[in-house]
>>> print(open('structure_14.cif').read())   # mmCIF, C-alpha atoms (C1' of nucleotides)
data_coords
#
loop_
_atom_site.group_PDB
_atom_site.id
_atom_site.type_symbol
_atom_site.label_atom_id
_atom_site.label_comp_id
_atom_site.auth_asym_id
_atom_site.auth_seq_id
_atom_site.Cartn_x
_atom_site.Cartn_y
_atom_site.Cartn_z
ATOM 1 C CA MET A 3 0.000 0.000 0.000
ATOM 2 C CA ARG A 4 1.344 3.394 -1.005
ATOM 3 C CA ILE A 5 0.445 6.462 1.089
ATOM 4 C CA GLY A 6 0.592 9.899 -0.472
ATOM 5 C CA TYR A 7 -0.256 13.575 -0.013
ATOM 6 C CA PRO A 8 -1.408 16.401 -2.258
ATOM 7 C CA CYS A 9 0.344 19.163 -4.119
ATOM 8 C CA SER A 10 2.922 20.747 -1.835
ATOM 9 C CA ASN A 11 5.563 19.785 0.690
ATOM 10 C CA LEU A 12 5.568 21.966 3.793
ATOM 11 C CA THR A 13 8.902 20.641 5.072
ATOM 12 C CA LEU A 14 10.732 21.690 1.928
ATOM 13 C CA GLY A 15 8.898 24.987 1.868
ATOM 14 C CA VAL A 16 8.656 25.023 -1.914
ATOM 15 C CA SER A 17 5.466 25.384 -3.895
ATOM 16 C CA ALA A 18 4.826 23.624 -7.179
ATOM 17 C CA ALA A 19 1.658 25.671 -7.643
ATOM 18 C CA ARG A 20 2.988 29.185 -8.104
ATOM 19 C CA THR A 21 0.687 31.304 -10.183
ATOM 20 C CA PHE A 22 -0.076 34.919 -11.043
ATOM 21 C CA ARG A 23 -3.062 37.111 -11.656
ATOM 22 C CA LEU A 24 -4.753 36.819 -15.010
ATOM 23 C CA ALA A 25 -4.164 40.545 -15.509
ATOM 24 C CA SER A 26 -0.406 39.948 -15.188
ATOM 25 C CA TYR A 27 -0.328 37.281 -17.880
ATOM 26 C CA SER A 28 2.620 37.345 -20.251
ATOM 27 C CA THR A 29 4.536 34.606 -22.033
ATOM 28 C CA ASP A 30 7.648 35.458 -20.066
ATOM 29 C CA LEU A 31 5.881 35.285 -16.713
ATOM 30 C CA LEU A 32 4.170 32.046 -17.710
ATOM 31 C CA VAL A 33 7.448 30.360 -18.683
ATOM 32 C CA ARG A 34 9.236 31.541 -15.541
ATOM 33 C CA THR A 35 6.370 30.390 -13.318
ATOM 34 C CA VAL A 36 6.111 26.955 -14.913
ATOM 35 C CA GLU A 37 9.884 26.468 -14.712
ATOM 36 C CA ALA A 38 9.753 27.298 -10.997
ATOM 37 C CA ASN A 39 6.840 24.897 -10.522
ATOM 38 C CA LEU A 40 8.649 22.067 -12.302
ATOM 39 C CA ASP A 41 11.807 22.716 -10.259
ATOM 40 C CA ALA A 42 9.700 22.449 -7.118
ATOM 41 C CA LEU A 43 7.936 19.313 -8.357
ATOM 42 C CA GLN A 44 11.274 17.648 -8.970
ATOM 43 C CA ASP A 45 12.482 18.647 -5.493
ATOM 44 C CA ILE A 46 9.333 17.231 -3.913
ATOM 45 C CA LEU A 47 9.617 13.943 -5.802
ATOM 46 C CA ARG A 48 13.247 13.543 -4.714
ATOM 47 C CA TRP A 49 12.251 14.302 -1.107
ATOM 48 C CA ASN A 50 9.447 11.757 -1.376
ATOM 49 C CA ASP A 51 11.867 9.140 -2.659
ATOM 50 C CA ARG A 52 14.250 9.747 0.228
ATOM 51 C CA HIS A 53 11.342 9.190 2.627
ATOM 52 C CA GLY A 54 9.856 6.175 0.886
ATOM 53 C CA ILE A 55 6.733 8.037 -0.287
ATOM 54 C CA ARG A 56 5.573 6.763 -3.680
ATOM 55 C CA PHE A 57 2.174 8.407 -4.133
ATOM 56 C CA PHE A 58 1.676 12.096 -4.821
ATOM 57 C CA ARG A 59 -0.981 14.436 -6.179
ATOM 58 C CA ILE A 60 0.485 16.893 -8.672
ATOM 59 C CA SER A 61 -1.089 20.341 -8.412
ATOM 60 C CA SER A 62 -3.563 21.367 -11.096
ATOM 61 C CA GLY A 63 -1.833 24.740 -10.950
ATOM 62 C CA THR A 64 1.423 23.410 -12.400
ATOM 63 C CA ILE A 65 0.693 25.174 -15.688
ATOM 64 C CA PRO A 66 -1.283 28.299 -14.694
ATOM 65 C CA PHE A 67 -4.246 29.152 -16.952
ATOM 66 C CA ALA A 68 -3.477 26.126 -19.114
ATOM 67 C CA SER A 69 -7.069 25.785 -20.333
ATOM 68 C CA HIS A 70 -7.959 29.461 -20.161
ATOM 69 C CA PRO A 71 -8.619 31.353 -23.414
ATOM 70 C CA VAL A 72 -5.727 33.675 -22.526
ATOM 71 C CA MET A 73 -3.288 30.795 -23.027
ATOM 72 C CA ALA A 74 -1.740 31.282 -26.449
ATOM 73 C CA TYR A 75 1.593 29.649 -25.707
ATOM 74 C CA PRO A 76 2.473 26.094 -26.852
ATOM 75 C CA TRP A 77 3.418 24.964 -23.348
ATOM 76 C CA GLN A 78 3.140 21.310 -24.376
ATOM 77 C CA SER A 79 6.025 21.462 -26.854
ATOM 78 C CA HIS A 80 8.043 23.973 -24.838
ATOM 79 C CA PHE A 81 8.061 21.829 -21.693
ATOM 80 C CA ALA A 82 7.937 18.399 -23.335
ATOM 81 C CA ASP A 83 11.563 17.489 -22.633
ATOM 82 C CA ARG A 84 11.441 18.723 -19.069
ATOM 83 C CA LEU A 85 8.203 16.845 -18.350
ATOM 84 C CA SER A 86 9.599 13.709 -19.924
ATOM 85 C CA ILE A 87 12.584 13.782 -17.548
ATOM 86 C CA ILE A 88 10.338 14.211 -14.511
ATOM 87 C CA GLY A 89 8.045 11.450 -15.722
ATOM 88 C CA ARG A 90 10.994 9.122 -16.191
ATOM 89 C CA TYR A 91 11.978 9.790 -12.573
ATOM 90 C CA ILE A 92 8.429 8.902 -11.448
ATOM 91 C CA VAL A 93 8.462 5.652 -13.408
ATOM 92 C CA ASP A 94 12.000 4.673 -12.388
ATOM 93 C CA HIS A 95 11.127 5.137 -8.711
ATOM 94 C CA GLU A 96 7.886 3.162 -8.967
ATOM 95 C CA MET A 97 5.784 6.143 -7.989
ATOM 96 C CA ARG A 98 2.163 6.821 -8.807
ATOM 97 C CA VAL A 99 0.602 10.259 -9.192
ATOM 98 C CA ASN A 100 -2.835 11.711 -9.664
ATOM 99 C CA LEU A 101 -4.434 15.058 -10.399
ATOM 100 C CA HIS A 102 -7.578 16.640 -8.961
ATOM 101 C CA PRO A 103 -9.123 19.551 -10.903
ATOM 102 C CA GLY A 104 -11.115 21.947 -8.744
ATOM 103 C CA GLN A 105 -14.790 22.474 -8.119
ATOM 104 C CA TYR A 106 -15.273 24.469 -11.281
ATOM 105 C CA THR A 107 -14.796 21.404 -13.460
ATOM 106 C CA LEU A 108 -18.375 20.287 -14.036
ATOM 107 C CA LEU A 109 -19.078 17.745 -16.733
ATOM 108 C CA ASN A 110 -22.778 17.632 -15.888
ATOM 109 C CA SER A 111 -23.497 21.355 -15.867
ATOM 110 C CA ILE A 112 -26.756 22.470 -17.447
ATOM 111 C CA ARG A 113 -24.726 25.144 -19.234
ATOM 112 C CA GLU A 114 -23.010 23.891 -22.357
ATOM 113 C CA GLU A 115 -20.198 26.460 -22.144
ATOM 114 C CA VAL A 116 -19.356 25.205 -18.650
ATOM 115 C CA VAL A 117 -19.161 21.643 -19.943
ATOM 116 C CA GLU A 118 -16.895 22.726 -22.785
ATOM 117 C CA LYS A 119 -14.576 24.643 -20.458
ATOM 118 C CA SER A 120 -14.503 21.621 -18.160
ATOM 119 C CA ILE A 121 -13.498 19.330 -21.017
ATOM 120 C CA ALA A 122 -10.728 21.787 -21.938
ATOM 121 C CA GLU A 123 -9.520 21.701 -18.346
ATOM 122 C CA LEU A 124 -9.520 17.906 -18.331
ATOM 123 C CA ALA A 125 -7.652 17.897 -21.648
ATOM 124 C CA TYR A 126 -4.908 19.973 -20.008
ATOM 125 C CA HIS A 127 -4.685 17.465 -17.155
ATOM 126 C CA ALA A 128 -4.499 14.547 -19.595
ATOM 127 C CA ASP A 129 -1.846 16.366 -21.657
ATOM 128 C CA LEU A 130 0.249 16.876 -18.548
ATOM 129 C CA LEU A 131 0.171 13.176 -17.638
ATOM 130 C CA ASP A 132 0.751 12.147 -21.252
ATOM 131 C CA LEU A 133 3.783 14.452 -21.535
ATOM 132 C CA LEU A 134 5.121 12.965 -18.314
ATOM 133 C CA GLY A 135 4.909 9.656 -20.167
ATOM 134 C CA LEU A 136 2.853 8.011 -17.439
ATOM 135 C CA ASP A 137 0.461 5.154 -18.110
ATOM 136 C CA ALA A 138 -3.302 5.247 -17.538
ATOM 137 C CA THR A 139 -3.067 4.001 -13.942
ATOM 138 C CA ASN A 140 -2.132 7.603 -13.118
ATOM 139 C CA LYS A 141 -5.555 9.191 -12.719
ATOM 140 C CA ILE A 142 -7.508 12.421 -12.895
ATOM 141 C CA GLN A 143 -10.163 12.552 -10.189
ATOM 142 C CA ILE A 144 -13.242 14.763 -10.257
ATOM 143 C CA HIS A 145 -16.552 15.025 -8.470
ATOM 144 C CA VAL A 146 -19.743 14.252 -10.366
ATOM 145 C CA GLY A 147 -20.886 17.886 -10.262
ATOM 146 C CA GLY A 148 -24.174 19.658 -9.516
ATOM 147 C CA VAL A 149 -27.636 18.198 -8.897
ATOM 148 C CA TYR A 150 -29.745 21.109 -10.225
ATOM 149 C CA GLY A 151 -32.781 19.815 -8.365
ATOM 150 C CA ASP A 152 -32.992 16.528 -10.275
ATOM 151 C CA LYS A 153 -30.354 13.957 -9.447
ATOM 152 C CA PRO A 154 -31.360 11.262 -11.976
ATOM 153 C CA ALA A 155 -31.206 13.852 -14.763
ATOM 154 C CA ALA A 156 -27.868 15.133 -13.439
ATOM 155 C CA ILE A 157 -26.485 11.587 -13.558
ATOM 156 C CA VAL A 158 -27.725 11.131 -17.122
ATOM 157 C CA ARG A 159 -26.014 14.389 -18.127
ATOM 158 C CA PHE A 160 -22.782 13.115 -16.611
ATOM 159 C CA VAL A 161 -23.035 9.826 -18.490
ATOM 160 C CA VAL A 162 -23.699 11.631 -21.778
ATOM 161 C CA ALA A 163 -20.807 14.058 -21.211
ATOM 162 C CA TYR A 164 -18.517 11.156 -20.341
ATOM 163 C CA SER A 165 -19.371 9.402 -23.600
ATOM 164 C CA ARG A 166 -18.297 12.545 -25.478
ATOM 165 C CA LEU A 167 -14.867 12.724 -23.858
ATOM 166 C CA PRO A 168 -11.783 12.131 -25.984
ATOM 167 C CA GLU A 169 -10.047 8.852 -25.204
ATOM 168 C CA PRO A 170 -6.944 10.469 -23.582
ATOM 169 C CA ILE A 171 -9.240 11.918 -20.898
ATOM 170 C CA ARG A 172 -11.589 8.976 -20.560
ATOM 171 C CA ARG A 173 -8.860 6.433 -19.883
ATOM 172 C CA ARG A 174 -7.628 8.475 -16.909
ATOM 173 C CA LEU A 175 -10.833 9.860 -15.422
ATOM 174 C CA VAL A 176 -12.155 8.594 -12.086
ATOM 175 C CA ILE A 177 -15.047 9.948 -9.997
ATOM 176 C CA GLU A 178 -15.110 10.591 -6.275
ATOM 177 C CA ASN A 179 -18.079 10.433 -3.904
ATOM 178 C CA ASP A 180 -18.793 13.767 -2.185
ATOM 179 C CA GLU A 181 -20.211 14.705 1.200
ATOM 180 C CA ARG A 182 -23.346 16.454 0.022
ATOM 181 C CA GLN A 183 -24.645 15.381 -3.350
ATOM 182 C CA PHE A 184 -23.366 12.249 -5.038
ATOM 183 C CA ASN A 185 -22.670 9.463 -2.565
ATOM 184 C CA LEU A 186 -21.194 6.004 -3.044
ATOM 185 C CA VAL A 187 -24.401 4.557 -4.509
ATOM 186 C CA ASP A 188 -24.674 7.406 -7.010
ATOM 187 C CA THR A 189 -21.065 6.993 -8.154
ATOM 188 C CA LEU A 190 -21.533 3.227 -8.491
ATOM 189 C CA THR A 191 -24.620 3.893 -10.615
ATOM 190 C CA ILE A 192 -22.493 6.050 -12.904
ATOM 191 C CA HIS A 193 -19.809 3.370 -12.977
ATOM 192 C CA SER A 194 -22.354 0.793 -14.094
ATOM 193 C CA ARG A 195 -23.282 2.992 -17.065
ATOM 194 C CA THR A 196 -19.812 4.199 -18.042
ATOM 195 C CA GLY A 197 -17.156 1.933 -16.543
ATOM 196 C CA VAL A 198 -15.499 4.898 -14.829
ATOM 197 C CA PRO A 199 -13.649 3.788 -11.649
ATOM 198 C CA VAL A 200 -14.943 5.060 -8.300
ATOM 199 C CA LEU A 201 -12.484 6.708 -5.940
ATOM 200 C CA LEU A 202 -13.790 6.334 -2.387
ATOM 201 C CA ASP A 203 -13.330 9.310 -0.076
ATOM 202 C CA THR A 204 -13.711 7.799 3.385
ATOM 203 C CA LEU A 205 -14.513 11.075 5.154
ATOM 204 C CA HIS A 206 -17.163 12.038 2.611
ATOM 205 C CA HIS A 207 -18.568 8.528 2.868
ATOM 206 C CA SER A 208 -18.819 8.745 6.651
ATOM 207 C CA ILE A 209 -20.866 11.945 6.275
ATOM 208 C CA HIS A 210 -23.010 11.004 3.271
ATOM 209 C CA ASN A 211 -23.947 7.338 2.799
ATOM 210 C CA GLU A 212 -26.864 4.943 2.627
ATOM 211 C CA GLY A 213 -25.767 2.801 5.529
ATOM 212 C CA GLU A 214 -22.806 0.985 3.969
ATOM 213 C CA THR A 215 -19.966 0.161 6.341
ATOM 214 C CA LEU A 216 -16.416 1.017 5.300
ATOM 215 C CA THR A 217 -15.819 -2.653 4.544
ATOM 216 C CA GLU A 218 -18.858 -2.760 2.271
ATOM 217 C CA ALA A 219 -17.847 0.469 0.570
ATOM 218 C CA LEU A 220 -14.315 -0.798 -0.122
ATOM 219 C CA ASP A 221 -15.646 -4.094 -1.439
ATOM 220 C CA ALA A 222 -18.028 -2.175 -3.711
ATOM 221 C CA VAL A 223 -15.437 0.157 -5.282
ATOM 222 C CA LYS A 224 -12.681 -2.442 -5.650
ATOM 223 C CA PRO A 225 -14.017 -4.090 -8.856
ATOM 224 C CA THR A 226 -14.544 -0.692 -10.501
ATOM 225 C CA TRP A 227 -10.730 -0.432 -10.671
ATOM 226 C CA ASP A 228 -10.159 -3.661 -12.589
ATOM 227 C CA GLY A 229 -7.616 -2.857 -15.288
ATOM 228 C CA HIS A 230 -6.840 0.595 -13.805
ATOM 229 C CA GLY A 231 -4.230 -0.293 -11.182
ATOM 230 C CA PRO A 232 -4.771 -0.457 -7.423
ATOM 231 C CA ALA A 233 -7.838 1.439 -6.192
ATOM 232 C CA MET A 234 -7.145 4.955 -4.971
ATOM 233 C CA ILE A 235 -8.722 5.994 -1.671
ATOM 234 C CA ASP A 236 -8.866 9.481 -0.135
ATOM 235 C CA TYR A 237 -8.646 9.663 3.627
ATOM 236 C CA SER A 238 -8.876 12.585 6.023
ATOM 237 C CA SER A 239 -9.508 12.958 9.697
ATOM 238 C CA GLN A 240 -12.463 15.242 10.405
ATOM 239 C CA HIS A 241 -11.528 18.683 11.738
ATOM 240 C CA PRO A 242 -12.849 18.632 15.340
ATOM 241 C CA GLU A 243 -14.476 22.072 15.235
ATOM 242 C CA ARG A 244 -15.236 22.909 11.649
ATOM 243 C CA ARG A 245 -18.174 21.696 9.574
ATOM 244 C CA GLY A 246 -18.511 18.123 8.387
ATOM 245 C CA GLY A 247 -15.968 17.383 5.667
ATOM 246 C CA ALA A 248 -13.407 19.936 6.789
ATOM 247 C CA HIS A 249 -9.942 18.401 6.939
ATOM 248 C CA ALA A 250 -8.043 18.031 10.200
ATOM 249 C CA ALA A 251 -4.742 19.794 10.856
ATOM 250 C CA SER A 252 -2.867 16.538 11.442
ATOM 251 C CA ILE A 253 -3.707 12.865 11.273
ATOM 252 C CA VAL A 254 -5.600 11.460 14.266
ATOM 253 C CA LEU A 255 -4.161 7.967 14.688
ATOM 254 C CA ASP A 256 -7.058 6.729 16.834
ATOM 255 C CA ASP A 257 -9.352 7.561 13.934
ATOM 256 C CA PHE A 258 -6.917 6.230 11.324
ATOM 257 C CA GLU A 259 -6.386 2.855 12.970
ATOM 258 C CA PRO A 260 -9.751 1.271 12.116
ATOM 259 C CA VAL A 261 -9.416 2.514 8.544
ATOM 260 C CA LEU A 262 -5.886 1.131 8.326
ATOM 261 C CA ASN A 263 -7.126 -2.196 9.627
ATOM 262 C CA GLU A 264 -9.556 -2.297 6.717
ATOM 263 C CA LEU A 265 -6.998 -1.175 4.151
ATOM 264 C CA ARG A 266 -3.762 -2.862 5.111
ATOM 265 C CA TRP A 267 -4.498 -6.178 3.451
ATOM 266 C CA ARG A 268 -5.954 -4.654 0.339
ATOM 267 C CA ASP A 269 -4.186 -3.624 -2.846
ATOM 268 C CA ILE A 270 -4.914 0.113 -2.666
ATOM 269 C CA ASP A 271 -3.156 3.480 -2.700
ATOM 270 C CA LEU A 272 -4.142 5.942 -0.004
ATOM 271 C CA MET A 273 -4.113 9.722 -0.403
ATOM 272 C CA LEU A 274 -4.098 11.637 2.889
ATOM 273 C CA GLU A 275 -5.974 14.925 2.538
ATOM 274 C CA ILE A 276 -4.660 16.478 5.711
ATOM 275 C CA LYS A 277 -3.360 19.980 6.304
ATOM 276 C CA ASP A 278 0.138 19.072 7.400
ATOM 277 C CA LYS A 279 0.552 16.807 4.358
ATOM 278 C CA GLU A 280 3.861 14.909 4.347
ATOM 279 C CA THR A 281 4.129 15.021 8.149
ATOM 280 C CA SER A 282 0.938 13.005 8.462
ATOM 281 C CA VAL A 283 2.103 10.591 5.760
ATOM 282 C CA LEU A 284 5.279 9.864 7.702
ATOM 283 C CA LYS A 285 3.228 9.408 10.889
ATOM 284 C CA ALA A 286 0.849 7.046 9.088
ATOM 285 C CA MET A 287 3.691 5.044 7.531
ATOM 286 C CA GLU A 288 5.451 4.701 10.881
ATOM 287 C CA PHE A 289 2.192 3.664 12.531
ATOM 288 C CA MET A 290 1.639 1.076 9.811
ATOM 289 C CA GLN A 291 5.152 -0.358 10.253
ATOM 290 C CA VAL A 292 4.536 -0.781 13.974
ATOM 291 C CA ARG A 293 1.242 -2.551 13.306
ATOM 292 C CA ILE A 294 2.802 -4.883 10.749
ATOM 293 C CA ALA A 295 5.624 -5.758 13.160
ATOM 294 C CA GLN A 296 3.105 -6.731 15.839
ATOM 295 C "C1'" DT B 6 8.290 44.447 4.881
ATOM 296 C "C1'" DC B 7 3.947 43.258 6.375
ATOM 297 C "C1'" DA B 8 -1.084 43.026 6.646
ATOM 298 C "C1'" DT B 9 -4.987 42.487 4.131
ATOM 299 C "C1'" DG B 10 -8.075 42.011 0.343
ATOM 300 C "C1'" DT B 11 -8.568 39.471 -3.735
ATOM 301 C "C1'" DC B 12 -8.301 35.894 -7.110
ATOM 302 C "C1'" DA B 13 -10.425 32.320 -13.514
ATOM 303 C "C1'" DA B 14 -13.895 29.527 -12.695
ATOM 304 C "C1'" DG B 15 -19.897 27.038 -10.489
ATOM 305 C "C1'" DG B 16 -23.289 25.553 -7.539
ATOM 306 C "C1'" DC B 17 -25.631 25.365 -3.271
ATOM 307 C "C1'" DG B 18 -27.744 26.880 0.979
ATOM 308 C "C1'" DT B 19 -29.255 30.631 3.692
ATOM 309 C "C1'" DC B 20 -31.194 34.954 4.415
ATOM 310 C "C1'" DG C 26 -31.673 38.342 -5.500
ATOM 311 C "C1'" DA C 27 -27.458 38.757 -2.730
ATOM 312 C "C1'" DC C 28 -23.984 36.657 -0.412
ATOM 313 C "C1'" DG C 29 -21.024 33.347 2.028
ATOM 314 C "C1'" DC C 30 -19.099 28.924 1.636
ATOM 315 C "C1'" DC C 31 -16.518 25.261 -0.438
ATOM 316 C "C1'" DT C 32 -10.845 24.444 -0.224
ATOM 317 C "C1'" DT C 33 -6.809 26.907 -0.336
ATOM 318 C "C1'" DG C 34 -2.916 29.025 -1.083
ATOM 319 C "C1'" DA C 35 -0.689 32.636 -2.989
ATOM 320 C "C1'" DC C 36 -0.702 36.972 -5.450
ATOM 321 C "C1'" DA C 37 -0.919 42.013 -5.386
ATOM 322 C "C1'" DT C 38 -1.707 46.202 -3.335
ATOM 323 C "C1'" DG C 39 -1.200 49.740 -0.101
ATOM 324 C "C1'" DA C 40 0.489 51.329 4.214
#
>>> encode(input="structure_14.cif", output="structure tokens")
Amino acid sequence: MRIGYPCSNLTLGVSAARTFRLASYSTDLLVRTVEANLDALQDILRWNDRHGIRFFRISSGTIPFASHPVMAYPWQSHFADRLSIIGRYIVDHEMRVNLHPGQYTLLNSIREEVVEKSIAELAYHADLLDLLGLDATNKIQIHVGGVYGDKPAAIVRFVVAYSRLPEPIRRRLVIENDERQFNLVDTLTIHSRTGVPVLLDTLHHSIHNEGETLTEALDAVKPTWDGHGPAMIDYSSQHPERRGGAHAASIVLDDFEPVLNELRWRDIDLMLEIKDKETSVLKAMEFMQVRIAQ
DNA sequence: TCATGTCAAGGCGTC
DNA sequence: GACGCCTTGACATGA
């Protein structure tokens, strides 16, 4: 089981998601920002290797404004060599990565222009992984989207939009259950109509479910990953004071232990969505080693 | 240099 | 209909 964290490494103090204001856009600023982001990404991957961490979420902000109409620069060809080198490092060190576009990526929007912009955003994510030279087990995860007062219709719109996606996106796309709208059952319904793998978020599932235990939920999502590599799972401890779904500052091992007991014998990769990122991963890995030794 | 307001983008819930 | 929230960091401005 690989355990990973998203986007930035707080110990190193470098960000691979530097950006700039749209109003400041220039080719020069874009190139400088992306170069800095790729430098940081390489530093983070090396740090991860030194600490035995082989799962990482690359920031969607690596190429700022990549799918925005303002982008007139051929970033794909300009950074192809650089991305290829980084991707080779990922492959050589048996790492796995994923990407998670933000809440504005909505394949099932009732507005066609939103769907088109979302597809453009997903195309950027697929380009990035393709230029890294990574196979289709390296995924792009999104939420299903909005309900618009009619969930069955919203699911149908998702299925239709999915069928329209170009193959480079479709082979990497996975959907995640959320804490308010589309729960495990909904995502499994979409899987049955599209074949898209279901990424289980354990915290969202604990908040929004139809009575399935964690064991049942894991058993249900597992077969959706056949042919896509080990299932990816998102885990976070609930923030003790903030609203349901808010991520904790650091991993709570008492809360993690029962989840680990469910996961440890399964072929899965676990992404920790916790504020202190790599610190919690190291805690979780140490905790797991102790448990295995017992 | 530092504090603070703002940022490309959508949808939902509350008032 | 307006607005805050999501999730979040990081930019950009003004003092």
>>> resolve_selection(input="structure_14.cif", expression="the PyMOL selection byres ((chain A) within 9 of (chain C))", output="list in words")
Ala19, Arg20, Thr21, Phe22, Arg23, Gly104, Gln105 and Ala248 of chain A
>>> atom_distance(input="structure_14.cif", atom1="CA of Ala42 in chain A", atom2="CA of Ile92 in chain A")
14.3 Å
>>> residues_around(input="structure_14.cif", residues="range 250-263 of chain A", least_positions_apart="2", cutoff="9 Å", atoms="only C-alpha atoms (C1' of nucleotides)", output="mmCIF file with C-alpha atoms, in the coordinates of the input")
data_model
loop_
_atom_site.group_PDB
_atom_site.id
_atom_site.type_symbol
_atom_site.label_atom_id
_atom_site.label_comp_id
_atom_site.auth_asym_id
_atom_site.auth_seq_id
_atom_site.Cartn_x
_atom_site.Cartn_y
_atom_site.Cartn_z
ATOM 1 C CA THR A 204 -13.711 7.799 3.385
ATOM 2 C CA LEU A 216 -16.416 1.017 5.300
ATOM 3 C CA TYR A 237 -8.646 9.663 3.627
ATOM 4 C CA SER A 238 -8.876 12.585 6.023
ATOM 5 C CA SER A 239 -9.508 12.958 9.697
ATOM 6 C CA GLN A 240 -12.463 15.242 10.405
ATOM 7 C CA HIS A 241 -11.528 18.683 11.738
ATOM 8 C CA PRO A 242 -12.849 18.632 15.340
ATOM 9 C CA ARG A 244 -15.236 22.909 11.649
ATOM 10 C CA ALA A 248 -13.407 19.936 6.789
ATOM 11 C CA LEU A 265 -6.998 -1.175 4.151
ATOM 12 C CA ARG A 266 -3.762 -2.862 5.111
ATOM 13 C CA TRP A 267 -4.498 -6.178 3.451
ATOM 14 C CA LEU A 274 -4.098 11.637 2.889
ATOM 15 C CA GLU A 275 -5.974 14.925 2.538
ATOM 16 C CA ILE A 276 -4.660 16.478 5.711
ATOM 17 C CA LYS A 277 -3.360 19.980 6.304
ATOM 18 C CA ASP A 278 0.138 19.072 7.400
ATOM 19 C CA LYS A 279 0.552 16.807 4.358
ATOM 20 C CA THR A 281 4.129 15.021 8.149
ATOM 21 C CA SER A 282 0.938 13.005 8.462
ATOM 22 C CA VAL A 283 2.103 10.591 5.760
ATOM 23 C CA LYS A 285 3.228 9.408 10.889
ATOM 24 C CA ALA A 286 0.849 7.046 9.088
ATOM 25 C CA PHE A 289 2.192 3.664 12.531
ATOM 26 C CA MET A 290 1.639 1.076 9.811
#
>>> closest_atom_pairs(input="structure_14.cif", of="chain A", to="chain B", cutoff="8 Å", atoms="all atoms listed in the file", output="CSV")
residue,atom,partner,partner_atom,distance
A:Arg23,CA,B:DC12,C1',7.0
A:Leu24,CA,B:DA13,C1',7.4
A:Phe67,CA,B:DA13,C1',7.7
A:His70,CA,B:DA13,C1',7.6
A:Gln105,CA,B:DG15,C1',7.2
A:Tyr106,CA,B:DG15,C1',5.3
A:Leu108,CA,B:DG15,C1',7.8
A:Gly148,CA,B:DG16,C1',6.3
>>> atom_distance(input="structure_14.cif", atom1="CA of Gln143 in chain A", atom2="CA of Gly89 in chain A")
19.1 Å
>>> resolve_selection(input="structure_14.cif", expression="the PyMOL selection byres ((chain A and resi 177) around 12)", output="VMD selection string")
chain A and resid 101 to 103 107 to 109 141 to 147 160 to 161 164 172 174 to 176 178 to 180 184 to 186 188 to 193 196 to 203 223 226 to 227 233 to 236
>>> atom_distance(input="structure_14.cif", atom1="CA of Tyr126 in chain A", atom2="CA of Pro66 in chain A")
10.5 Å
